[in-house]
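Contents: one structure, followed by commentary.
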Amino acid sequence: MSDPAKSASLADRVTRPGLDASSSSFTPGAASTQSTSWADEVASPVAPKEDPLVSTVGDAQVDGQVEPLGGSGGSFIDDVQYDVEVTLTLEELQRQEGNPLHSVKSFEELGLSPQVLQGLFAMNFKKPSKIQEKSLPLLLRSPPQNMIAQSQSGTGKTAAFVITILSRLDYSVNKPQALCLAPSRELARQIEGVVKSIGQFVEGLTIQGAVPGAVPRGERLESKVVVGTPGTVMDLIKRRQFDTSQMKILCLDEADNMLDQQGLGEQCLRVKQMIPSLSQILLFSATFPDDVLRYAEQFCPNAIQIKLQRNDMNVAGIKQMYMDCPSDDGKYDILARLYGLMTIGSSIIFVKKRETADSIAARLLSDGHNVVAVHGAFEGGERDAILEKFRLGEAKVLITTNVLARGIDVQSVSMVINYDIPMKGRSDSEADSETYLHRIGRTGRFGRVGVSISFVFDRKSYVALQSISQHYGIELIRLDTDDWDQTEKVVKSVIKSSRAGTNFKK
Ligand SMILES: Nc1ncnc2c1ncn2[C@@H]1O[C@H](COP(=O)(O)OP(=O)(O)OP(=O)(O)O)[C@@H](O)[C@H]1O
């Protein structure tokens with residue numbers, strides 16, 4: 001147990017006479033003379049929600065104080081002890097009702113072609129996840145219907161839309177019939193890979209990527225499936241390199257992000273307008289904030305909707321923690337200490353600015369860590385090569401910006417660090433809850449366990465994290481920067497379990 005005198009949390013530090021929740025004048029480290037914390041003033045106690053998955057990564061025994069953070073269920077927990085016993089297999093997880101991976105049906109019962117089934121089994125997919133089981137019968141129905149589908153990160157949305165695409169192609173027609181759009185080149189490339197894997201036994205399947213630099217000028221796209229980023233696809237259609245006359249199906253992955261961003265949203269709309277023959281539009285994401293959903297409903301009219309409640313968006317296999325750092329600059333020392341302390345497997349560090357990514361990468365490298373950085377300033381081919389190095393485990397730490405916050409699937413990632421809390425709005429005035437969920441979702445994929453650690457250092461970052469935890473009803477565990485023994489124990493216990501069993505055997 002940590003020494004309470006040494007480990008005054010930021011919640012305590014912001015509780016000083018004269019400082020209310022709306023005050024902007026916070027001085028880190030200033031002495032506190034008031035015993036109730038700012039958190040106490042705004043909160044009413046909320047019992048942690050029971051979740052069957054939580055117990056799969058060990059029972060968090062709270063023998064200290066719980067700091068409740070408001071009425072919607074989010075809370076910070078101090079002084080946690082972990083007894084990790086990981087026993088559940090994927091099979092067992094999939095049997096648990098209420099689990100996002102639960103299904104009662106088999107892939108065979110979903111009416112898929114023998115070639116697609118063969119592809120799924122070759123990938124070692126034994127049973128569908130909930131989103132796959134729920135969406136596929138509706139997606140494959142005749143006549144085709146539009147769909148807006150939401151499911152937690154890492155639950156297999158990609159396979160759901162890829163199977164639909166493969167099931168709808170006319171293999172005698174050698175022209176593009178399906179287009180899948182993603183917000184980053186890396187995600188588009190990854191989806192292209194999933195189409196190739198699931199479709200590996202499908203005769204006549206052709207697929208092409210349409211990301212910057214992939215299609216030489218003048219070359220026509222002949223492949224049946226095209227996966228790309230909106231700007232490049234728009235240019236290819238305009239330049240008549242992309243014949244859309246036989247197109248049937250358009251899918252937007254990370255749809256809320258695509259439709260929300262000004263530039264991307266317009267490009268997606270233009271692309272859709274340039275393809276008049278569409279019979280099915282699919283929008284998939286782990287998040288659909290209400291305002292974007294309204295726009296999505298216009299983009300994808302009369303769609304069947306599969307939606308999650310806010311409190312169900314959280315992935316229970318991800319243990320979410322935070323560290324209270326002494327200052328913005330002081331975050332680096334905490335980071336270096338974390339990495340010095342333990343071998344973590346693969347991990348991703350998210351920062352706000354490209355410069356921060358570069359400078360942290362340089363410092364960690366010079367401290368002897370095996371890291372790479374990637375962000376929008378890198379040229380396309382270089383980005384592909386760096387991510388590949390990380391996927392292969394040749395680099396263990398990836399430092400990046402929000403450009404890779406969504407969709408990227410690297411199963412060995414056992415830890416995500418929010419070096420900067422994600423914020424939105426021009427002046428960073430509001431916490432970006434959706435981006436938080438996508439970032440931490442780079443770990444804990446398809447029933448695996450992982451850790452996320454968010455760094456806070458001042459009132460603004462603390463309040464932002466607090467609002468995220470309330471938004472989704474998340475319990476955040478505080479790691480004490482003055483008690484590294486305990487911190488090491490807690491983080492290691494979860495990470496060890498993610499390595500030992502990846503909590504299931506495939
Ligand atoms: N039925 C299945 N059985 C076993 N593994 C699966 C199954 N479906 C998908 N997976 C695996 O689960 C992982 C996550 O899948 P995917 O990337 O599609 O998640 P997602 O829901 O799109 O997540 P995100 O919201 O982060 O984009 C992938 O490694 C994929 O191969």
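Following the order of the structure tokens, first chain is A, next is B, and so on, with residues numbered from 1 inside each chain and ligands from 1 in the order they appear.
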Wanna dump the chain A-ligand 1 contacts at 6 Å for me, each residue with its shortest atom pair and the distance in Å to one decimal, counting only C-alpha atoms and all ligand atoms, ordered by chain and number, as a tab-separated table?
residue	atom	partner	partner_atom_place_in_ligand_line	distance
A:Phe125	CA	ligand 1	3 (N)	3.7
A:Lys126	CA	ligand 1	3 (N)	5.6
A:Lys127	CA	ligand 1	1 (N)	5.0
A:Pro128	CA	ligand 1	1 (N)	3.9
A:Ser129	CA	ligand 1	1 (N)	5.2
A:Gln152	CA	ligand 1	25 (O)	6.0
A:Ser153	CA	ligand 1	25 (O)	3.4
A:Gly154	CA	ligand 1	19 (O)	3.5
A:Thr155	CA	ligand 1	21 (O)	3.9
A:Gly156	CA	ligand 1	18 (O)	3.3
A:Lys157	CA	ligand 1	21 (O)	3.9
A:Thr158	CA	ligand 1	18 (O)	3.7
A:Ala159	CA	ligand 1	18 (O)	5.5
A:Ser285	CA	ligand 1	25 (O)	5.9
A:Ala286	CA	ligand 1	25 (O)	4.8
A:Arg406	CA	ligand 1	26 (O)	5.9
A:Gly407	CA	ligand 1	27 (O)	3.3
A:Asp409	CA	ligand 1	17 (O)	5.1
A:Gly441	CA	ligand 1	26 (O)	5.6
A:Arg445	CA	ligand 1	14 (C)	5.4
A:Phe446	CA	ligand 1	12 (O)	4.6
Write a file of the selected residues as a PDB file, in the first residue's frame, keeping N, CA and C atoms.
ATOM      1  N   PHE A 125     -10.928 -18.750 -37.504  1.00  0.00           N
ATOM      2  CA  PHE A 125     -12.161 -18.224 -36.932  1.00  0.00           C
ATOM      3  C   PHE A 125     -13.084 -19.422 -36.725  1.00  0.00           C
ATOM      4  N   LYS A 126     -13.410 -19.715 -35.481  1.00  0.00           N
ATOM      5  CA  LYS A 126     -14.220 -20.914 -35.220  1.00  0.00           C
ATOM      6  C   LYS A 126     -15.701 -20.581 -35.119  1.00  0.00           C
ATOM      7  N   LYS A 127     -15.983 -19.455 -34.481  1.00  0.00           N
ATOM      8  CA  LYS A 127     -17.380 -19.060 -34.271  1.00  0.00           C
ATOM      9  C   LYS A 127     -17.519 -17.572 -34.535  1.00  0.00           C
ATOM     10  N   PRO A 128     -18.679 -17.133 -34.985  1.00  0.00           N
ATOM     11  CA  PRO A 128     -18.824 -15.688 -35.190  1.00  0.00           C
ATOM     12  C   PRO A 128     -18.888 -14.942 -33.856  1.00  0.00           C
ATOM     13  N   SER A 129     -18.551 -13.657 -33.877  1.00  0.00           N
ATOM     14  CA  SER A 129     -18.795 -12.787 -32.721  1.00  0.00           C
ATOM     15  C   SER A 129     -20.236 -12.312 -32.809  1.00  0.00           C
ATOM     16  N   GLN A 152     -18.159  -2.997 -30.269  1.00  0.00           N
ATOM     17  CA  GLN A 152     -16.944  -2.599 -29.559  1.00  0.00           C
ATOM     18  C   GLN A 152     -15.694  -2.837 -30.406  1.00  0.00           C
ATOM     19  N   SER A 153     -14.619  -2.108 -30.068  1.00  0.00           N
ATOM     20  CA  SER A 153     -13.363  -2.282 -30.806  1.00  0.00           C
ATOM     21  C   SER A 153     -12.882  -3.729 -30.672  1.00  0.00           C
ATOM     22  N   GLY A 154     -12.316  -4.221 -31.762  1.00  0.00           N
ATOM     23  CA  GLY A 154     -11.731  -5.567 -31.732  1.00  0.00           C
ATOM     24  C   GLY A 154     -12.705  -6.713 -31.707  1.00  0.00           C
ATOM     25  N   THR A 155     -13.948  -6.489 -32.144  1.00  0.00           N
ATOM     26  CA  THR A 155     -14.935  -7.565 -32.096  1.00  0.00           C
ATOM     27  C   THR A 155     -15.259  -8.147 -33.476  1.00  0.00           C
ATOM     28  N   GLY A 156     -14.474  -7.770 -34.473  1.00  0.00           N
ATOM     29  CA  GLY A 156     -14.623  -8.431 -35.768  1.00  0.00           C
ATOM     30  C   GLY A 156     -15.588  -7.784 -36.751  1.00  0.00           C
ATOM     31  N   LYS A 157     -15.675  -6.455 -36.714  1.00  0.00           N
ATOM     32  CA  LYS A 157     -16.550  -5.769 -37.670  1.00  0.00           C
ATOM     33  C   LYS A 157     -16.041  -5.937 -39.100  1.00  0.00           C
ATOM     34  N   THR A 158     -14.707  -5.935 -39.245  1.00  0.00           N
ATOM     35  CA  THR A 158     -14.140  -6.023 -40.599  1.00  0.00           C
ATOM     36  C   THR A 158     -14.630  -7.282 -41.317  1.00  0.00           C
ATOM     37  N   ALA A 159     -14.556  -8.423 -40.627  1.00  0.00           N
ATOM     38  CA  ALA A 159     -14.986  -9.665 -41.268  1.00  0.00           C
ATOM     39  C   ALA A 159     -16.464  -9.573 -41.655  1.00  0.00           C
ATOM     40  N   SER A 285     -18.694   1.194 -37.251  1.00  0.00           N
ATOM     41  CA  SER A 285     -17.767   1.831 -36.307  1.00  0.00           C
ATOM     42  C   SER A 285     -18.018   1.322 -34.888  1.00  0.00           C
ATOM     43  N   ALA A 286     -17.042   1.571 -34.011  1.00  0.00           N
ATOM     44  CA  ALA A 286     -17.233   1.255 -32.593  1.00  0.00           C
ATOM     45  C   ALA A 286     -17.972   2.395 -31.892  1.00  0.00           C
ATOM     46  N   ARG A 406      -7.476   4.566 -34.937  1.00  0.00           N
ATOM     47  CA  ARG A 406      -8.637   3.748 -35.280  1.00  0.00           C
ATOM     48  C   ARG A 406      -8.299   2.535 -36.139  1.00  0.00           C
ATOM     49  N   GLY A 407      -8.898   1.437 -35.794  1.00  0.00           N
ATOM     50  CA  GLY A 407      -8.939   0.277 -36.681  1.00  0.00           C
ATOM     51  C   GLY A 407      -7.721  -0.618 -36.706  1.00  0.00           C
ATOM     52  N   ASP A 409      -5.116  -3.240 -36.232  1.00  0.00           N
ATOM     53  CA  ASP A 409      -5.254  -4.509 -35.504  1.00  0.00           C
ATOM     54  C   ASP A 409      -3.899  -5.212 -35.416  1.00  0.00           C
ATOM     55  N   GLY A 441      -8.599   0.847 -27.659  1.00  0.00           N
ATOM     56  CA  GLY A 441      -9.038  -0.371 -28.355  1.00  0.00           C
ATOM     57  C   GLY A 441      -7.978  -0.997 -29.245  1.00  0.00           C
ATOM     58  N   ARG A 445      -7.792  -7.048 -28.146  1.00  0.00           N
ATOM     59  CA  ARG A 445      -8.517  -7.406 -29.368  1.00  0.00           C
ATOM     60  C   ARG A 445      -9.114  -8.809 -29.262  1.00  0.00           C
ATOM     61  N   PHE A 446     -10.341  -8.925 -29.615  1.00  0.00           N
ATOM     62  CA  PHE A 446     -11.085 -10.181 -29.689  1.00  0.00           C
ATOM     63  C   PHE A 446     -10.855 -11.068 -28.458  1.00  0.00           C
TER      64      PHE A 446
END
Practice problem: Identify which of the residues A:Lys134, A:Thr481, A:Ser347, A:Gln470 lies closest to A:Ile440, counting only C-alpha atoms when measuring atom-to-atom distances. | Solution: A:Ser347
Sorted by chain and rising residue number, which residues of stretch 190-209 of chain A lie within 8 Å of stretch 101-115 of chain A, and what are their closest atom pairs and distances in Å to one decimal, counting only C-alpha atoms, as JSON lines?
{"residue": "A:Gly199", "atom": "CA", "partner": "A:Gln115", "partner_atom": "CA", "distance": 7.4}
{"residue": "A:Phe201", "atom": "CA", "partner": "A:Gln115", "partner_atom": "CA", "distance": 5.3}
{"residue": "A:Val202", "atom": "CA", "partner": "A:Gln115", "partner_atom": "CA", "distance": 5.4}
Exercise. Mind checking which residues fall within 12 Å of A:Leu387, counting only C-alpha atoms, ignoring those fewer than 6 positions away in the same chain, and posting them as an MDAnalysis selection string?
Key: chainID A and resid 185:187 189:190 348 371:375 378 380:381 393:400 404 408:410
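Proximity of A:Met423, A:Leu392, A:Val194, A:Ala149 to A:Ala296, computed with only C-alpha atoms, is greatest for A:Ala149.
Across A:Ser346, A:Ser427, A:Gln280, A:Ser223, the tightest approach to A:Phe161 is made by A:Gln280 when counting only C-alpha atoms.
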Stretch 355-453 of chain A residues near stretch 328-345 of chain A within 8 Å, closest pair each, using only C-alpha atoms, as CSV:
residue,atom,partner,partner_atom,distance
A:Ile360,CA,A:Tyr332,CA,7.5
A:Leu364,CA,A:Ala336,CA,7.1
A:Lys396,CA,A:Gly345,CA,6.4
A:Ser412,CA,A:Gly345,CA,7.0
A:Val413,CA,A:Gly345,CA,6.9
A:Ser414,CA,A:Gly345,CA,6.5
A:Met415,CA,A:Ile344,CA,7.3
A:Tyr419,CA,A:Lys331,CA,7.4
Would you write out those residues with C-alpha atoms, as a CSV table (one decimal), in the first residue's frame?
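Wrote again.csv, looks like this:
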chain,number,residue,atom,x,y,z
A,360,ILE,CA,9.8,11.0,-27.4
A,364,LEU,CA,13.5,6.5,-25.9
A,396,LYS,CA,8.2,-3.1,-29.8
A,412,SER,CA,0.3,-8.5,-29.7
A,413,VAL,CA,-0.3,-5.0,-28.4
A,414,SER,CA,-0.7,-5.4,-24.6
A,415,MET,CA,-0.4,-1.7,-23.6
A,419,TYR,CA,0.7,10.4,-23.3
Practice problem: Output as a PyMOL selection string all residues of stretch 159-373 of chain A that backbone DSSP marks as strand (DSSP E). | Solution: chain A and resi 178-181+207-210+225-228+249-253+280-285+304-306+318-324+346-350+371-373
Quiz prompt | DSSP helix (DSSP H, G or I) selection over stretch 69-317 of chain A, as a ChimeraX atom specification | solution = /A:90-95,107-110,114-122,130-139,157-168,185-198,230-238,255-260,262-273,290-299,310-312
Self-check item: Long-range neighbours of A:Glu222 as a PyMOL selection string, 9 Å cut-off, only C-alpha atoms, 2 positions minimum in chain
Solution: chain A and resi 174-176+206-208+220+224-225+242-243
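Here atom CA of A:Pro143 stands at a distance of 15.4 Å from atom CA of A:Leu250.
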Quiz item: Which residue out of A:Ala303, A:Ala255, A:Val211, A:Ile198 has the minimum interatomic distance to A:Gln145 when only C-alpha atoms are used?
Solution: A:Ala303
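The gap separating atom CA of A:Met247 from atom CA of A:Leu278 is 6.1 Å, in Å to one decimal.
Neighbouring residues of A:Asp260 at 12 Å or closer, counting only C-alpha atoms and skipping chain neighbours under 3 positions away, are Pro183, Glu254, Ala255, Asp256, Asn257, Gly263, Leu264, Gly265, Glu266, Gln267, Cys268, Leu269, Thr287, Phe288, Pro289, Asp290, Asp291, Val292, Leu293, Arg294, Tyr295, Ala296, Phe299 and Glu434 of chain A.
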Same residues, C-alpha atoms, output as a CSV table (one decimal), in the first residue's frame:
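Output (result.csv):
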chain,number,residue,atom,x,y,z
A,183,PRO,CA,-9.7,7.1,-42.9
A,254,GLU,CA,-14.8,4.1,-39.0
A,255,ALA,CA,-17.9,5.7,-40.5
A,256,ASP,CA,-18.5,8.3,-37.7
A,257,ASN,CA,-15.0,9.6,-38.1
A,263,GLY,CA,-12.6,17.2,-45.5
A,264,LEU,CA,-13.3,13.5,-45.3
A,265,GLY,CA,-17.0,13.9,-45.0
A,266,GLU,CA,-17.3,15.9,-48.2
A,267,GLN,CA,-15.1,13.5,-50.1
A,268,CYS,CA,-17.2,10.5,-49.0
A,269,LEU,CA,-20.3,12.3,-50.1
A,287,THR,CA,-18.6,4.7,-31.9
A,288,PHE,CA,-21.6,6.7,-33.4
A,289,PRO,CA,-22.1,10.0,-31.4
A,290,ASP,CA,-25.7,11.2,-31.7
A,291,ASP,CA,-25.0,14.2,-33.9
A,292,VAL,CA,-22.9,12.2,-36.4
A,293,LEU,CA,-25.6,9.4,-36.4
A,294,ARG,CA,-28.1,11.9,-37.7
A,295,TYR,CA,-25.9,12.7,-40.6
A,296,ALA,CA,-25.1,9.0,-41.1
A,299,PHE,CA,-25.9,9.3,-46.0
A,434,GLU,CA,-14.6,8.6,-29.0
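For the residues A:Val315, A:Ile304, A:Leu93, A:Met234, ranking by smallest atom-to-atom distance to A:Ser135 using only C-alpha atoms places A:Ile304 first.
The shell of residues at most 9 Å from A:Gln305, with only C-alpha atoms counted and near chain neighbours (fewer than 5 positions) removed, consists of Asn146, Met147, Ile148, Ala149 and Gln150 of chain A.
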